[in-house]
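Undergrad: So here's input_5.txt, just compact mmCIF, C-alpha atoms (C1' of nucleotides):
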```
# COMPACT_ATOMS: atom_id res chain seq x y z
CA MET M 1 -69.69 11.11 -17.50
CA ASN M 2 -66.81 13.11 -16.14
CA THR M 3 -63.73 11.08 -15.39
CA ASP M 4 -61.00 12.57 -13.26
CA THR M 5 -57.36 11.61 -12.99
CA LEU M 6 -58.11 8.80 -10.55
CA ASP M 7 -60.72 7.29 -12.87
CA ARG M 8 -58.22 7.39 -15.71
CA LYS M 9 -55.56 5.69 -13.60
CA LEU M 10 -58.10 3.13 -12.49
CA LEU M 11 -59.11 2.40 -16.07
CA GLY M 12 -55.46 2.01 -16.97
CA LEU M 13 -54.88 -0.49 -14.19
CA LEU M 14 -58.00 -2.52 -14.96
CA GLN M 15 -57.17 -2.64 -18.66
CA GLU M 16 -53.79 -4.14 -17.78
CA ASP M 17 -55.06 -6.60 -15.18
CA ALA M 18 -58.72 -6.99 -14.32
CA LYS M 19 -57.97 -9.49 -11.57
CA LYS M 20 -56.38 -6.93 -9.29
CA THR M 21 -58.33 -6.74 -6.05
CA ASN M 22 -59.92 -3.51 -4.90
CA LYS M 23 -57.45 -3.55 -2.05
CA GLU M 24 -54.46 -3.54 -4.41
CA LEU M 25 -56.07 -0.85 -6.56
CA ALA M 26 -56.81 1.22 -3.47
CA GLY M 27 -53.14 1.03 -2.49
CA LYS M 28 -51.96 2.18 -5.93
CA LEU M 29 -54.48 5.01 -6.10
CA GLY M 30 -54.27 6.17 -2.49
CA LEU M 31 -57.98 5.57 -1.91
CA SER M 32 -60.05 3.37 0.36
CA VAL M 33 -61.36 0.03 -0.83
CA THR M 34 -64.93 1.31 -0.87
CA ALA M 35 -64.01 4.37 -2.87
CA VAL M 36 -62.37 2.15 -5.49
CA TYR M 37 -65.37 -0.15 -5.49
CA GLU M 38 -67.75 2.71 -6.09
CA ARG M 39 -65.64 4.22 -8.86
CA ILE M 40 -65.49 0.88 -10.65
CA LYS M 41 -69.26 0.41 -10.38
CA LYS M 42 -69.78 3.93 -11.70
CA LEU M 43 -67.53 3.20 -14.70
CA GLU M 44 -69.38 -0.08 -15.32
CA ARG M 45 -72.81 1.55 -15.06
CA ALA M 46 -71.75 4.37 -17.40
CA GLY M 47 -70.64 1.75 -19.94
CA VAL M 48 -67.06 2.99 -19.95
CA ILE M 49 -66.00 -0.51 -18.98
CA SER M 50 -67.91 -2.71 -21.41
CA LYS M 51 -66.76 -6.13 -20.26
CA TYR M 52 -64.08 -8.19 -18.57
CA VAL M 53 -62.44 -10.89 -20.62
CA ALA M 54 -59.71 -13.51 -20.47
CA LEU M 55 -57.13 -13.19 -23.24
CA VAL M 56 -55.82 -16.39 -24.76
CA LYS M 57 -52.34 -16.82 -26.27
CA PRO M 58 -52.92 -17.63 -29.95
CA GLU M 59 -49.89 -19.93 -30.23
CA LYS M 60 -51.19 -22.04 -27.35
CA VAL M 61 -54.40 -22.80 -29.17
CA ASP M 62 -53.04 -23.20 -32.71
CA ARG M 63 -54.12 -19.80 -33.95
CA ALA M 64 -50.79 -18.03 -34.34
CA PHE M 65 -51.14 -17.26 -38.06
CA THR M 66 -52.66 -13.84 -38.63
CA ALA M 67 -53.69 -12.28 -41.92
CA PHE M 68 -55.44 -9.11 -42.94
CA CYS M 69 -57.89 -9.67 -45.73
CA GLN M 70 -59.19 -6.73 -47.72
CA ILE M 71 -62.46 -7.23 -49.53
CA LYS M 72 -64.40 -5.52 -52.29
CA LEU M 73 -68.09 -6.21 -52.69
CA VAL M 74 -69.54 -6.63 -56.17
CA GLN M 75 -72.34 -4.17 -55.51
CA HIS M 76 -73.05 -1.88 -52.60
CA THR M 77 -76.77 -2.21 -52.22
CA LYS M 78 -78.06 -2.08 -48.68
CA ASN M 79 -79.07 -5.72 -48.85
CA ASN M 80 -75.65 -6.83 -50.03
CA VAL M 81 -73.88 -4.90 -47.33
CA THR M 82 -76.17 -6.17 -44.58
CA ALA M 83 -76.00 -9.77 -45.76
CA PHE M 84 -72.25 -9.75 -46.12
CA GLU M 85 -71.67 -8.15 -42.74
CA SER M 86 -73.88 -10.54 -40.85
CA GLN M 87 -72.39 -13.57 -42.60
CA VAL M 88 -68.76 -12.59 -42.17
CA ALA M 89 -69.28 -11.69 -38.51
CA LYS M 90 -70.35 -15.28 -37.87
CA LEU M 91 -67.01 -16.76 -38.92
CA SER M 92 -64.95 -17.64 -35.85
CA GLU M 93 -61.68 -17.29 -37.80
CA VAL M 94 -62.55 -13.63 -38.37
CA LEU M 95 -61.80 -11.73 -35.18
CA GLU M 96 -62.37 -8.23 -36.56
CA VAL M 97 -64.29 -6.69 -39.42
CA PHE M 98 -64.16 -3.03 -40.34
CA HIS M 99 -66.05 -1.21 -43.07
CA VAL M 100 -63.41 1.16 -44.43
CA SER M 101 -62.71 3.95 -46.87
CA GLY M 102 -60.41 3.50 -49.84
CA GLU M 103 -59.95 0.99 -52.61
CA TYR M 104 -61.39 -1.92 -50.65
CA ASP M 105 -64.65 -1.96 -48.68
CA TYR M 106 -63.68 -4.12 -45.71
CA ILE M 107 -60.64 -5.09 -43.71
CA LEU M 108 -60.77 -8.40 -41.86
CA LYS M 109 -58.36 -9.67 -39.28
CA VAL M 110 -58.22 -13.43 -39.60
CA MET M 111 -56.49 -15.81 -37.20
CA VAL M 112 -55.95 -19.45 -38.07
CA ARG M 113 -53.42 -22.24 -37.48
CA ASP M 114 -51.14 -21.74 -40.47
CA MET M 115 -51.02 -20.80 -44.14
CA GLU M 116 -52.69 -24.03 -45.14
CA ALA M 117 -55.55 -23.33 -42.76
CA TYR M 118 -55.79 -19.86 -44.25
CA ARG M 119 -56.07 -21.30 -47.74
CA GLU M 120 -58.83 -23.61 -46.49
CA PHE M 121 -60.57 -20.68 -44.86
CA MET M 122 -60.46 -18.59 -48.03
CA LEU M 123 -61.67 -21.38 -50.28
CA ASN M 124 -64.37 -22.85 -48.07
CA LYS M 125 -65.56 -20.06 -45.83
CA LEU M 126 -64.82 -16.59 -47.13
CA THR M 127 -65.26 -16.88 -50.86
CA ALA M 128 -68.38 -18.92 -50.17
CA LEU M 129 -70.05 -15.74 -48.92
CA ASP M 130 -72.41 -13.82 -51.15
CA HIS M 131 -71.56 -10.57 -52.91
CA ILE M 132 -67.76 -10.76 -52.63
CA GLY M 133 -65.96 -9.18 -55.54
CA SER M 134 -62.24 -9.38 -54.99
CA THR M 135 -59.95 -9.97 -52.03
CA GLN M 136 -56.37 -9.19 -51.15
CA SER M 137 -54.49 -10.85 -48.32
CA THR M 138 -51.61 -9.45 -46.29
CA PHE M 139 -49.79 -11.85 -43.99
CA VAL M 140 -48.38 -11.07 -40.60
CA ILE M 141 -44.68 -11.92 -40.39
CA SER M 142 -44.39 -10.86 -36.78
CA PRO M 143 -46.74 -9.19 -34.30
CA VAL M 144 -44.89 -6.20 -32.83
CA LYS M 145 -47.58 -4.87 -30.51
CA ASN M 146 -51.05 -6.10 -29.73
CA SER M 147 -52.76 -4.14 -27.02
CA THR M 148 -56.34 -3.64 -25.88
CA VAL M 149 -55.48 -0.66 -23.69
CA LEU M 150 -57.00 2.71 -24.51
CA LYS M 151 -54.89 5.22 -22.67
CA VAL M 152 -57.22 7.94 -21.44
CA MET L 1 -50.78 -29.08 -22.90
CA ASN L 2 -53.73 -31.19 -23.84
CA THR L 3 -57.05 -29.42 -23.65
CA ASP L 4 -60.23 -31.42 -23.73
CA THR L 5 -63.77 -30.34 -24.62
CA LEU L 6 -64.40 -28.97 -21.13
CA ASP L 7 -61.25 -26.84 -21.26
CA ARG L 8 -62.32 -25.45 -24.62
CA LYS L 9 -65.78 -24.63 -23.32
CA LEU L 10 -64.23 -23.03 -20.25
CA LEU L 11 -61.91 -20.91 -22.38
CA GLY L 12 -64.86 -19.83 -24.48
CA LEU L 13 -66.83 -18.75 -21.42
CA LEU L 14 -63.91 -16.88 -19.84
CA GLN L 15 -63.13 -15.09 -23.09
CA GLU L 16 -66.71 -13.82 -23.17
CA ASP L 17 -66.90 -12.87 -19.50
CA ALA L 18 -64.03 -13.23 -17.11
CA LYS L 19 -66.16 -12.12 -14.17
CA LYS L 20 -68.28 -15.26 -14.15
CA THR L 21 -67.91 -16.99 -10.79
CA ASN L 22 -66.58 -20.51 -10.55
CA LYS L 23 -70.01 -21.49 -9.32
CA GLU L 24 -71.70 -20.22 -12.51
CA LEU L 25 -69.04 -21.85 -14.67
CA ALA L 26 -69.44 -25.10 -12.76
CA GLY L 27 -73.16 -25.02 -13.48
CA LYS L 28 -72.65 -24.50 -17.20
CA LEU L 29 -69.98 -27.18 -17.47
CA GLY L 30 -71.54 -29.75 -15.17
CA LEU L 31 -68.54 -29.78 -12.87
CA SER L 32 -67.91 -28.92 -9.25
CA VAL L 33 -66.58 -25.51 -8.24
CA THR L 34 -63.20 -27.02 -7.33
CA ALA L 35 -62.86 -28.82 -10.64
CA VAL L 36 -63.46 -25.54 -12.48
CA TYR L 37 -60.99 -23.78 -10.21
CA GLU L 38 -58.28 -26.34 -10.91
CA ARG L 39 -58.85 -26.28 -14.66
CA ILE L 40 -58.59 -22.49 -14.72
CA LYS L 41 -55.34 -22.59 -12.71
CA LYS L 42 -53.96 -25.20 -15.07
CA LEU L 43 -54.77 -23.03 -18.09
CA GLU L 44 -53.19 -20.00 -16.41
CA ARG L 45 -50.03 -21.91 -15.46
CA ALA L 46 -49.71 -23.30 -18.98
CA GLY L 47 -49.94 -19.75 -20.35
CA VAL L 48 -53.04 -20.52 -22.41
CA ILE L 49 -54.79 -17.72 -20.55
CA SER L 50 -52.28 -14.89 -20.72
CA LYS L 51 -54.18 -12.23 -18.80
CA TYR L 52 -57.51 -10.86 -17.68
CA VAL L 53 -58.41 -7.37 -18.83
CA ALA L 54 -61.19 -4.83 -18.70
CA LEU L 55 -62.32 -3.65 -22.13
CA VAL L 56 -63.18 0.02 -22.48
CA LYS L 57 -65.74 1.43 -24.94
CA PRO L 58 -63.76 3.68 -27.29
CA GLU L 59 -66.59 6.19 -27.75
CA LYS L 60 -66.84 6.68 -23.98
CA VAL L 61 -63.25 7.83 -23.78
CA ASP L 62 -63.04 9.86 -26.99
CA ARG L 63 -61.21 7.25 -29.01
CA ALA L 64 -63.88 6.17 -31.46
CA PHE L 65 -61.96 7.08 -34.61
CA THR L 66 -60.01 4.12 -35.94
CA ALA L 67 -57.55 4.07 -38.81
CA PHE L 68 -55.24 1.51 -40.30
CA CYS L 69 -51.92 2.99 -41.26
CA GLN L 70 -49.64 1.11 -43.60
CA ILE L 71 -45.97 2.01 -43.47
CA LYS L 72 -42.90 1.49 -45.63
CA LEU L 73 -39.46 1.89 -44.12
CA VAL L 74 -36.77 3.67 -46.12
CA GLN L 75 -34.26 0.89 -45.52
CA HIS L 76 -34.60 -2.52 -43.92
CA THR L 77 -31.41 -2.76 -41.95
CA LYS L 78 -31.70 -4.57 -38.64
CA ASN L 79 -31.08 -1.35 -36.75
CA ASN L 80 -33.78 0.52 -38.62
CA VAL L 81 -36.30 -2.21 -38.05
CA THR L 82 -35.51 -2.53 -34.34
CA ALA L 83 -35.52 1.22 -33.76
CA PHE L 84 -38.79 1.75 -35.61
CA GLU L 85 -40.53 -1.11 -33.87
CA SER L 86 -39.55 -0.02 -30.39
CA GLN L 87 -40.49 3.60 -31.06
CA VAL L 88 -43.85 2.91 -32.66
CA ALA L 89 -44.80 0.46 -29.92
CA LYS L 90 -44.46 3.26 -27.39
CA LEU L 91 -47.20 5.38 -28.96
CA SER L 92 -50.42 5.03 -26.98
CA GLU L 93 -52.55 5.91 -30.02
CA VAL L 94 -51.15 2.81 -31.73
CA LEU L 95 -52.96 -0.22 -30.33
CA GLU L 96 -51.53 -2.77 -32.72
CA VAL L 97 -48.45 -3.09 -34.89
CA PHE L 98 -47.80 -5.96 -37.28
CA HIS L 99 -44.80 -6.57 -39.48
CA VAL L 100 -46.36 -7.82 -42.70
CA SER L 101 -45.71 -9.16 -46.15
CA GLY L 102 -46.58 -7.23 -49.30
CA GLU L 103 -46.14 -3.74 -50.59
CA TYR L 104 -45.93 -2.14 -47.16
CA ASP L 105 -43.82 -3.30 -44.21
CA TYR L 106 -46.14 -2.57 -41.31
CA ILE L 107 -49.82 -2.28 -40.54
CA LEU L 108 -50.78 -0.15 -37.55
CA LYS L 109 -54.17 0.09 -35.93
CA VAL L 110 -54.53 3.62 -34.59
CA MET L 111 -57.34 4.85 -32.35
CA VAL L 112 -57.82 8.55 -31.67
CA ARG L 113 -60.63 11.04 -31.03
CA ASP L 114 -61.41 12.14 -34.59
CA MET L 115 -59.91 12.92 -37.97
CA GLU L 116 -58.30 16.06 -36.63
CA ALA L 117 -56.62 14.11 -33.85
CA TYR L 118 -55.44 11.63 -36.47
CA ARG L 119 -53.89 14.42 -38.49
CA GLU L 120 -52.14 15.64 -35.33
CA PHE L 121 -50.95 12.14 -34.62
CA MET L 122 -49.55 11.68 -38.10
CA LEU L 123 -47.78 15.03 -38.15
CA ASN L 124 -46.39 15.10 -34.63
CA LYS L 125 -45.97 11.49 -33.59
CA LEU L 126 -45.76 9.06 -36.46
CA THR L 127 -43.85 10.91 -39.12
CA ALA L 128 -41.51 12.10 -36.38
CA LEU L 129 -40.22 8.53 -36.10
CA ASP L 130 -36.95 7.58 -37.75
CA HIS L 131 -36.66 5.55 -40.96
CA ILE L 132 -40.23 5.98 -42.19
CA GLY L 133 -40.49 6.02 -45.96
CA SER L 134 -44.13 6.35 -46.97
CA THR L 135 -47.47 5.81 -45.31
CA GLN L 136 -51.00 5.08 -46.43
CA SER L 137 -54.04 5.51 -44.23
CA THR L 138 -57.33 3.67 -44.41
CA PHE L 139 -60.18 4.98 -42.28
CA VAL L 140 -62.81 2.94 -40.51
CA ILE L 141 -66.32 3.97 -41.49
CA SER L 142 -67.97 1.47 -39.19
CA PRO L 143 -66.70 -1.35 -36.98
CA VAL L 144 -68.68 -4.47 -37.88
CA LYS L 145 -67.06 -6.96 -35.51
CA ASN L 146 -64.38 -6.55 -32.92
CA SER L 147 -63.75 -9.67 -30.92
CA THR L 148 -60.94 -10.97 -28.74
CA VAL L 149 -62.32 -14.51 -28.66
CA LEU L 150 -60.26 -17.30 -30.14
CA LYS L 151 -62.67 -20.15 -30.67
CA VAL L 152 -60.79 -23.36 -29.87
C1' DG V 1 -58.95 -35.62 -11.82
C1' DC V 2 -63.28 -34.99 -9.24
C1' DT V 3 -66.17 -34.07 -4.96
C1' DG V 4 -67.70 -31.66 -0.86
C1' DA V 5 -66.79 -29.00 3.13
C1' DA V 6 -63.76 -25.76 5.77
C1' DA V 7 -60.81 -21.62 5.83
C1' DA V 8 -59.23 -17.31 3.92
C1' DT V 9 -60.03 -13.34 0.98
C1' DT V 10 -62.73 -10.36 -1.38
C1' DA V 11 -66.86 -7.95 -2.66
C1' DA V 12 -71.05 -5.63 -1.41
C1' DG V 13 -73.96 -3.05 1.74
C1' DC V 14 -74.68 0.26 5.52
C1' DA V 15 -74.15 4.12 8.86
C1' DC V 16 -72.04 8.35 9.03
C1' DG V 17 -68.82 12.73 8.37
C1' DC K 1 -67.87 11.76 -2.39
C1' DG K 2 -65.26 9.93 1.12
C1' DT K 3 -64.09 6.45 5.28
C1' DG K 4 -64.52 2.42 8.18
C1' DC K 5 -67.24 -1.36 9.90
C1' DT K 6 -70.37 -5.47 8.99
C1' DT K 7 -72.25 -9.10 6.32
C1' DA K 8 -72.54 -11.85 2.13
C1' DA K 9 -70.23 -14.19 -1.48
C1' DT K 10 -66.41 -16.08 -3.64
C1' DT K 11 -61.95 -18.02 -3.98
C1' DT K 12 -58.65 -21.16 -2.29
C1' DT K 13 -57.14 -25.07 0.36
C1' DC K 14 -57.55 -29.77 2.00
C1' DA K 15 -58.86 -34.64 3.02
C1' DG K 16 -60.76 -38.42 0.71
C1' DC K 17 -62.25 -41.11 -3.41
```
Just give me the structure as structure tokens.

TA:
Amino acid sequence: MNTDTLDRKLLGLLQEDAKKTNKELAGKLGLSVTAVYERIKKLERAGVISKYVALVKPEKVDRAFTAFCQIKLVQHTKNNVTAFESQVAKLSEVLEVFHVSGEYDYILKVMVRDMEAYREFMLNKLTALDHIGSTQSTFVISPVKNSTVLKV
Amino acid sequence: MNTDTLDRKLLGLLQEDAKKTNKELAGKLGLSVTAVYERIKKLERAGVISKYVALVKPEKVDRAFTAFCQIKLVQHTKNNVTAFESQVAKLSEVLEVFHVSGEYDYILKVMVRDMEAYREFMLNKLTALDHIGSTQSTFVISPVKNSTVLKV
DNA sequence: GCTGAAAATTAAGCACG
DNA sequence: CGTGCTTAATTTTCAGC
């Protein structure tokens, strides 16, 4: 799909606030409401916009403690990898899982209430998974930036 | 704010799909449209829901290459820390910045087009920032899970 | 705090340049 | 592809419980 400058601006606006009405967007872009509507539908159909979500403040729901957990598997057979990935993806404390290059195999972003909850999580949930070799945790002291906006 | 089971269910639904109508939500929760409407407004006013955003597929906008970049500052004076944080937060390639414990001071999540774009980013943007000591990059081979949902 | 209906706004569809 | 009008749907408000 070819996206022009207006599409890029539109994507920027919708990534900041998806509740803006087409009328407001039209005003900012210098287009008609229908033109905005059609551009949005085109971006949705093309899969550029994958979904619309509400973002929740972690501290308001007791999930303000963030840690990155790096993981090594004991063995990298296809079965081990598949099993580990599907199991770890099920854990609600684990927001993100990336298979990565380097010393460790995976990086997890984990969000829980506090350090005690993290300890509980490690003991009862994570290290209960199959095929885990070693782990290393890095704790967030302060979130400096946390954006979902892909500037295009 | 006290959130009951219905609020938690509602937050779960809105975090998955913010475009659901109050009518649909009402059906799923066994409430009236107005009751849903008032609960949502309450959650917004209380700041539990911080914003509504459109999520964009990285591969559709040439940003499918993700790297984690760990950074050490040369010196941890207050001025250095403040200056670095404000500068790095301005970079659109850097989606997330966390001040962390451990060997490195910061973890950055960087999203760019490809490895070449990452090299460009490192040379021209990141290492151009003041006070950076050393960096270490970890590259994402495959994203396994990438959620914004805080299960409450 | 919930319900149901009315009023206001917005989204979706249509004819046309 | 764009605009402007028309209709459908949804959000928001309100009286009453």

Undergrad: Please return the superposed copy of chain L as a compact mmCIF listing (two decimals) with C-alpha atoms, in the frame of the given file; the fit should be least squares onto chain M across all sequentially paired Cα atoms.

TA:
```txt
# COMPACT_ATOMS: atom_id res chain seq x y z
CA MET L 1 -69.79 11.08 -17.56
CA ASN L 2 -66.95 13.07 -16.16
CA THR L 3 -63.85 11.07 -15.40
CA ASP L 4 -61.14 12.57 -13.26
CA THR L 5 -57.47 11.64 -12.97
CA LEU L 6 -58.21 8.83 -10.52
CA ASP L 7 -60.79 7.30 -12.87
CA ARG L 8 -58.28 7.41 -15.71
CA LYS L 9 -55.62 5.76 -13.59
CA LEU L 10 -58.13 3.15 -12.48
CA LEU L 11 -59.13 2.42 -16.07
CA GLY L 12 -55.48 2.07 -16.99
CA LEU L 13 -54.87 -0.43 -14.20
CA LEU L 14 -57.97 -2.50 -14.98
CA GLN L 15 -57.14 -2.60 -18.67
CA GLU L 16 -53.75 -4.06 -17.80
CA ASP L 17 -55.01 -6.53 -15.21
CA ALA L 18 -58.63 -6.96 -14.34
CA LYS L 19 -57.82 -9.45 -11.59
CA LYS L 20 -56.23 -6.87 -9.33
CA THR L 21 -58.14 -6.75 -6.04
CA ASN L 22 -59.79 -3.58 -4.87
CA LYS L 23 -57.31 -3.58 -2.03
CA GLU L 24 -54.32 -3.50 -4.43
CA LEU L 25 -55.99 -0.83 -6.55
CA ALA L 26 -56.75 1.20 -3.44
CA GLY L 27 -53.08 1.07 -2.50
CA LYS L 28 -51.94 2.28 -5.91
CA LEU L 29 -54.51 5.06 -6.06
CA GLY L 30 -54.32 6.20 -2.46
CA LEU L 31 -57.99 5.53 -1.86
CA SER L 32 -59.98 3.24 0.39
CA VAL L 33 -61.26 -0.11 -0.84
CA THR L 34 -64.84 1.18 -0.87
CA ALA L 35 -63.96 4.27 -2.86
CA VAL L 36 -62.32 2.08 -5.51
CA TYR L 37 -65.32 -0.23 -5.50
CA GLU L 38 -67.73 2.63 -6.07
CA ARG L 39 -65.65 4.16 -8.85
CA ILE L 40 -65.48 0.82 -10.66
CA LYS L 41 -69.26 0.37 -10.36
CA LYS L 42 -69.79 3.87 -11.68
CA LEU L 43 -67.58 3.16 -14.70
CA GLU L 44 -69.40 -0.12 -15.34
CA ARG L 45 -72.85 1.50 -15.06
CA ALA L 46 -71.81 4.31 -17.40
CA GLY L 47 -70.67 1.71 -19.94
CA VAL L 48 -67.09 2.98 -19.96
CA ILE L 49 -66.00 -0.51 -18.97
CA SER L 50 -67.92 -2.71 -21.39
CA LYS L 51 -66.73 -6.12 -20.23
CA TYR L 52 -64.05 -8.17 -18.54
CA VAL L 53 -62.41 -10.88 -20.61
CA ALA L 54 -59.69 -13.49 -20.46
CA LEU L 55 -57.12 -13.16 -23.24
CA VAL L 56 -55.83 -16.38 -24.76
CA LYS L 57 -52.35 -16.83 -26.27
CA PRO L 58 -52.94 -17.61 -29.96
CA GLU L 59 -49.93 -19.94 -30.24
CA LYS L 60 -51.23 -22.05 -27.34
CA VAL L 61 -54.44 -22.80 -29.18
CA ASP L 62 -53.09 -23.19 -32.71
CA ARG L 63 -54.16 -19.79 -33.95
CA ALA L 64 -50.84 -18.03 -34.32
CA PHE L 65 -51.17 -17.27 -38.03
CA THR L 66 -52.68 -13.85 -38.61
CA ALA L 67 -53.71 -12.30 -41.90
CA PHE L 68 -55.44 -9.13 -42.93
CA CYS L 69 -57.89 -9.70 -45.72
CA GLN L 70 -59.16 -6.77 -47.72
CA ILE L 71 -62.44 -7.25 -49.54
CA LYS L 72 -64.37 -5.54 -52.31
CA LEU L 73 -68.07 -6.20 -52.71
CA VAL L 74 -69.48 -6.65 -56.20
CA GLN L 75 -72.28 -4.17 -55.56
CA HIS L 76 -72.98 -1.86 -52.65
CA THR L 77 -76.71 -2.18 -52.30
CA LYS L 78 -78.01 -2.03 -48.75
CA ASN L 79 -79.03 -5.67 -48.91
CA ASN L 80 -75.63 -6.80 -50.09
CA VAL L 81 -73.86 -4.87 -47.40
CA THR L 82 -76.15 -6.12 -44.63
CA ALA L 83 -76.01 -9.73 -45.80
CA PHE L 84 -72.23 -9.72 -46.14
CA GLU L 85 -71.67 -8.10 -42.78
CA SER L 86 -73.89 -10.50 -40.89
CA GLN L 87 -72.40 -13.54 -42.61
CA VAL L 88 -68.77 -12.56 -42.19
CA ALA L 89 -69.30 -11.66 -38.54
CA LYS L 90 -70.38 -15.24 -37.88
CA LEU L 91 -67.03 -16.72 -38.92
CA SER L 92 -64.98 -17.60 -35.85
CA GLU L 93 -61.70 -17.28 -37.77
CA VAL L 94 -62.57 -13.62 -38.37
CA LEU L 95 -61.82 -11.70 -35.17
CA GLU L 96 -62.38 -8.24 -36.56
CA VAL L 97 -64.29 -6.69 -39.43
CA PHE L 98 -64.17 -3.02 -40.36
CA HIS L 99 -66.02 -1.21 -43.10
CA VAL L 100 -63.40 1.16 -44.47
CA SER L 101 -62.69 3.93 -46.91
CA GLY L 102 -60.39 3.49 -49.90
CA GLU L 103 -59.90 0.98 -52.63
CA TYR L 104 -61.36 -1.93 -50.68
CA ASP L 105 -64.61 -1.97 -48.70
CA TYR L 106 -63.65 -4.12 -45.74
CA ILE L 107 -60.62 -5.09 -43.72
CA LEU L 108 -60.78 -8.39 -41.87
CA LYS L 109 -58.37 -9.66 -39.27
CA VAL L 110 -58.24 -13.44 -39.59
CA MET L 111 -56.51 -15.80 -37.17
CA VAL L 112 -55.99 -19.45 -38.05
CA ARG L 113 -53.46 -22.24 -37.45
CA ASP L 114 -51.17 -21.75 -40.45
CA MET L 115 -51.04 -20.82 -44.11
CA GLU L 116 -52.73 -24.05 -45.08
CA ALA L 117 -55.60 -23.35 -42.71
CA TYR L 118 -55.83 -19.87 -44.21
CA ARG L 119 -56.11 -21.33 -47.68
CA GLU L 120 -58.88 -23.62 -46.43
CA PHE L 121 -60.61 -20.68 -44.83
CA MET L 122 -60.47 -18.61 -47.98
CA LEU L 123 -61.71 -21.40 -50.22
CA ASN L 124 -64.42 -22.86 -48.02
CA LYS L 125 -65.60 -20.04 -45.79
CA LEU L 126 -64.84 -16.59 -47.11
CA THR L 127 -65.27 -16.89 -50.83
CA ALA L 128 -68.41 -18.92 -50.14
CA LEU L 129 -70.05 -15.72 -48.90
CA ASP L 130 -72.41 -13.82 -51.16
CA HIS L 131 -71.54 -10.57 -52.95
CA ILE L 132 -67.76 -10.78 -52.64
CA GLY L 133 -65.95 -9.20 -55.55
CA SER L 134 -62.21 -9.42 -54.99
CA THR L 135 -59.94 -10.00 -52.04
CA GLN L 136 -56.36 -9.22 -51.14
CA SER L 137 -54.48 -10.87 -48.31
CA THR L 138 -51.62 -9.48 -46.28
CA PHE L 139 -49.80 -11.87 -43.97
CA VAL L 140 -48.36 -11.08 -40.57
CA ILE L 141 -44.68 -11.93 -40.34
CA SER L 142 -44.40 -10.87 -36.73
CA PRO L 143 -46.75 -9.18 -34.26
CA VAL L 144 -44.90 -6.20 -32.80
CA LYS L 145 -47.60 -4.85 -30.49
CA ASN L 146 -51.06 -6.07 -29.72
CA SER L 147 -52.78 -4.09 -27.03
CA THR L 148 -56.36 -3.60 -25.89
CA VAL L 149 -55.50 -0.61 -23.71
CA LEU L 150 -57.03 2.74 -24.53
CA LYS L 151 -54.91 5.28 -22.70
CA VAL L 152 -57.27 7.99 -21.45
```

Undergrad: Could you check which of L:Thr5, L:Thr77, L:Asn146, L:Ser134 is closest to Leu95 (chain M), using all atoms listed in the file?

TA: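 Between L:Thr5, L:Thr77, L:Asn146, L:Ser134, the residue approaching Leu95 (chain M) most closely is L:Asn146.
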
Undergrad: In Å to one decimal, how far is CA of Lys90 (chain L) from CA of Ser147 (chain M)?

TA: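 CA of Lys90 (chain L) lies at a distance of 11.1 Å from CA of Ser147 (chain M).
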
Undergrad: Distance limit 12 Å, atoms considered: only C-alpha atoms (C1' of nucleotides). Which chain V residues sit that close to chain L? Return them as a PyMOL selection string.

TA: chain V and resi 1-5

Undergrad: Could you dump the residues just selected with C-alpha atoms (C1' of nucleotides) as a PDB file, in the frame of the given file?

TA:
```pdb
ATOM      1  C1'  DG V   1     -58.950 -35.620 -11.820  1.00  0.00           C
ATOM      2  C1'  DC V   2     -63.280 -34.990  -9.240  1.00  0.00           C
ATOM      3  C1'  DT V   3     -66.170 -34.070  -4.960  1.00  0.00           C
ATOM      4  C1'  DG V   4     -67.700 -31.660  -0.860  1.00  0.00           C
ATOM      5  C1'  DA V   5     -66.790 -29.000   3.130  1.00  0.00           C
TER       6       DA V   5
END
```

Undergrad: By how many Å are CA of Gln87 (chain L) and CA of Arg119 (chain L) apart?

TA: 18.8 Å

Undergrad: Work out how far apart CA of Asp7 (chain L) and C1' of DT12 (chain K) are and give it in Å to one decimal.

TA: 20.0 Å

Undergrad: Do me a favour and pick out the residues of chain L within 8 Å of chain M, using only C-alpha atoms, as a ChimeraX atom specification.

TA: /L:11,14-19,47-58,60-61,63,85,89,92-93,95-102,138-152

Undergrad: Please report, as a Markdown table, each residue of chain K lying at most 9 Å from chain M, together with the nearest pair of atoms and the separation in Å rounded to one decimal; use all atoms listed in the file, and order rows by chain and ascending residue number.

TA:
```
| residue | atom | partner | partner_atom | distance |
| --- | --- | --- | --- | --- |
| K:DC1 | C1' | M:Ala35 | CA | 8.4 |
| K:DG2 | C1' | M:Ala35 | CA | 7.0 |
| K:DT3 | C1' | M:Ser32 | CA | 7.1 |
```

Undergrad: Taking only C-alpha atoms into account, name the residue in M:Phe84, M:Arg113, M:Lys42, M:Lys9 that is nearest to Ala26 (chain M).

TA: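 Checking each of M:Phe84, M:Arg113, M:Lys42, M:Lys9 against Ala26 (chain M), counting only C-alpha atoms, the winner is M:Lys9.
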
Undergrad: If we count all atoms listed in the file, what is near DT10 (chain V) at a cut-off of 9 Å, once residues fewer than 2 positions away on the same chain are taken out, given as a list in words?

TA: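 Result of the neighbour search: Thr21, Asn22 and Lys23 of chain M; DA9, DT10 and DT11 of chain K.
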
Undergrad: List as a list in words the protein and nucleic acid residues near His76 (chain M), meaning an atom at most 10 Å away when all atoms listed in the file are counted, but skip any in the same chain fewer than 4 places from it.

TA: Lys72, Asn80, Val81, Thr82, Asp105 and His131 of chain M

Undergrad: Could you dump the residues just selected with C-alpha atoms as an mmCIF file, in the frame of the given file?

TA:
```cif
data_model
loop_
_atom_site.group_PDB
_atom_site.id
_atom_site.type_symbol
_atom_site.label_atom_id
_atom_site.label_comp_id
_atom_site.auth_asym_id
_atom_site.auth_seq_id
_atom_site.Cartn_x
_atom_site.Cartn_y
_atom_site.Cartn_z
ATOM 1 C CA LYS M 72 -64.400 -5.520 -52.290
ATOM 2 C CA ASN M 80 -75.650 -6.830 -50.030
ATOM 3 C CA VAL M 81 -73.880 -4.900 -47.330
ATOM 4 C CA THR M 82 -76.170 -6.170 -44.580
ATOM 5 C CA ASP M 105 -64.650 -1.960 -48.680
ATOM 6 C CA HIS M 131 -71.560 -10.570 -52.910
#
```
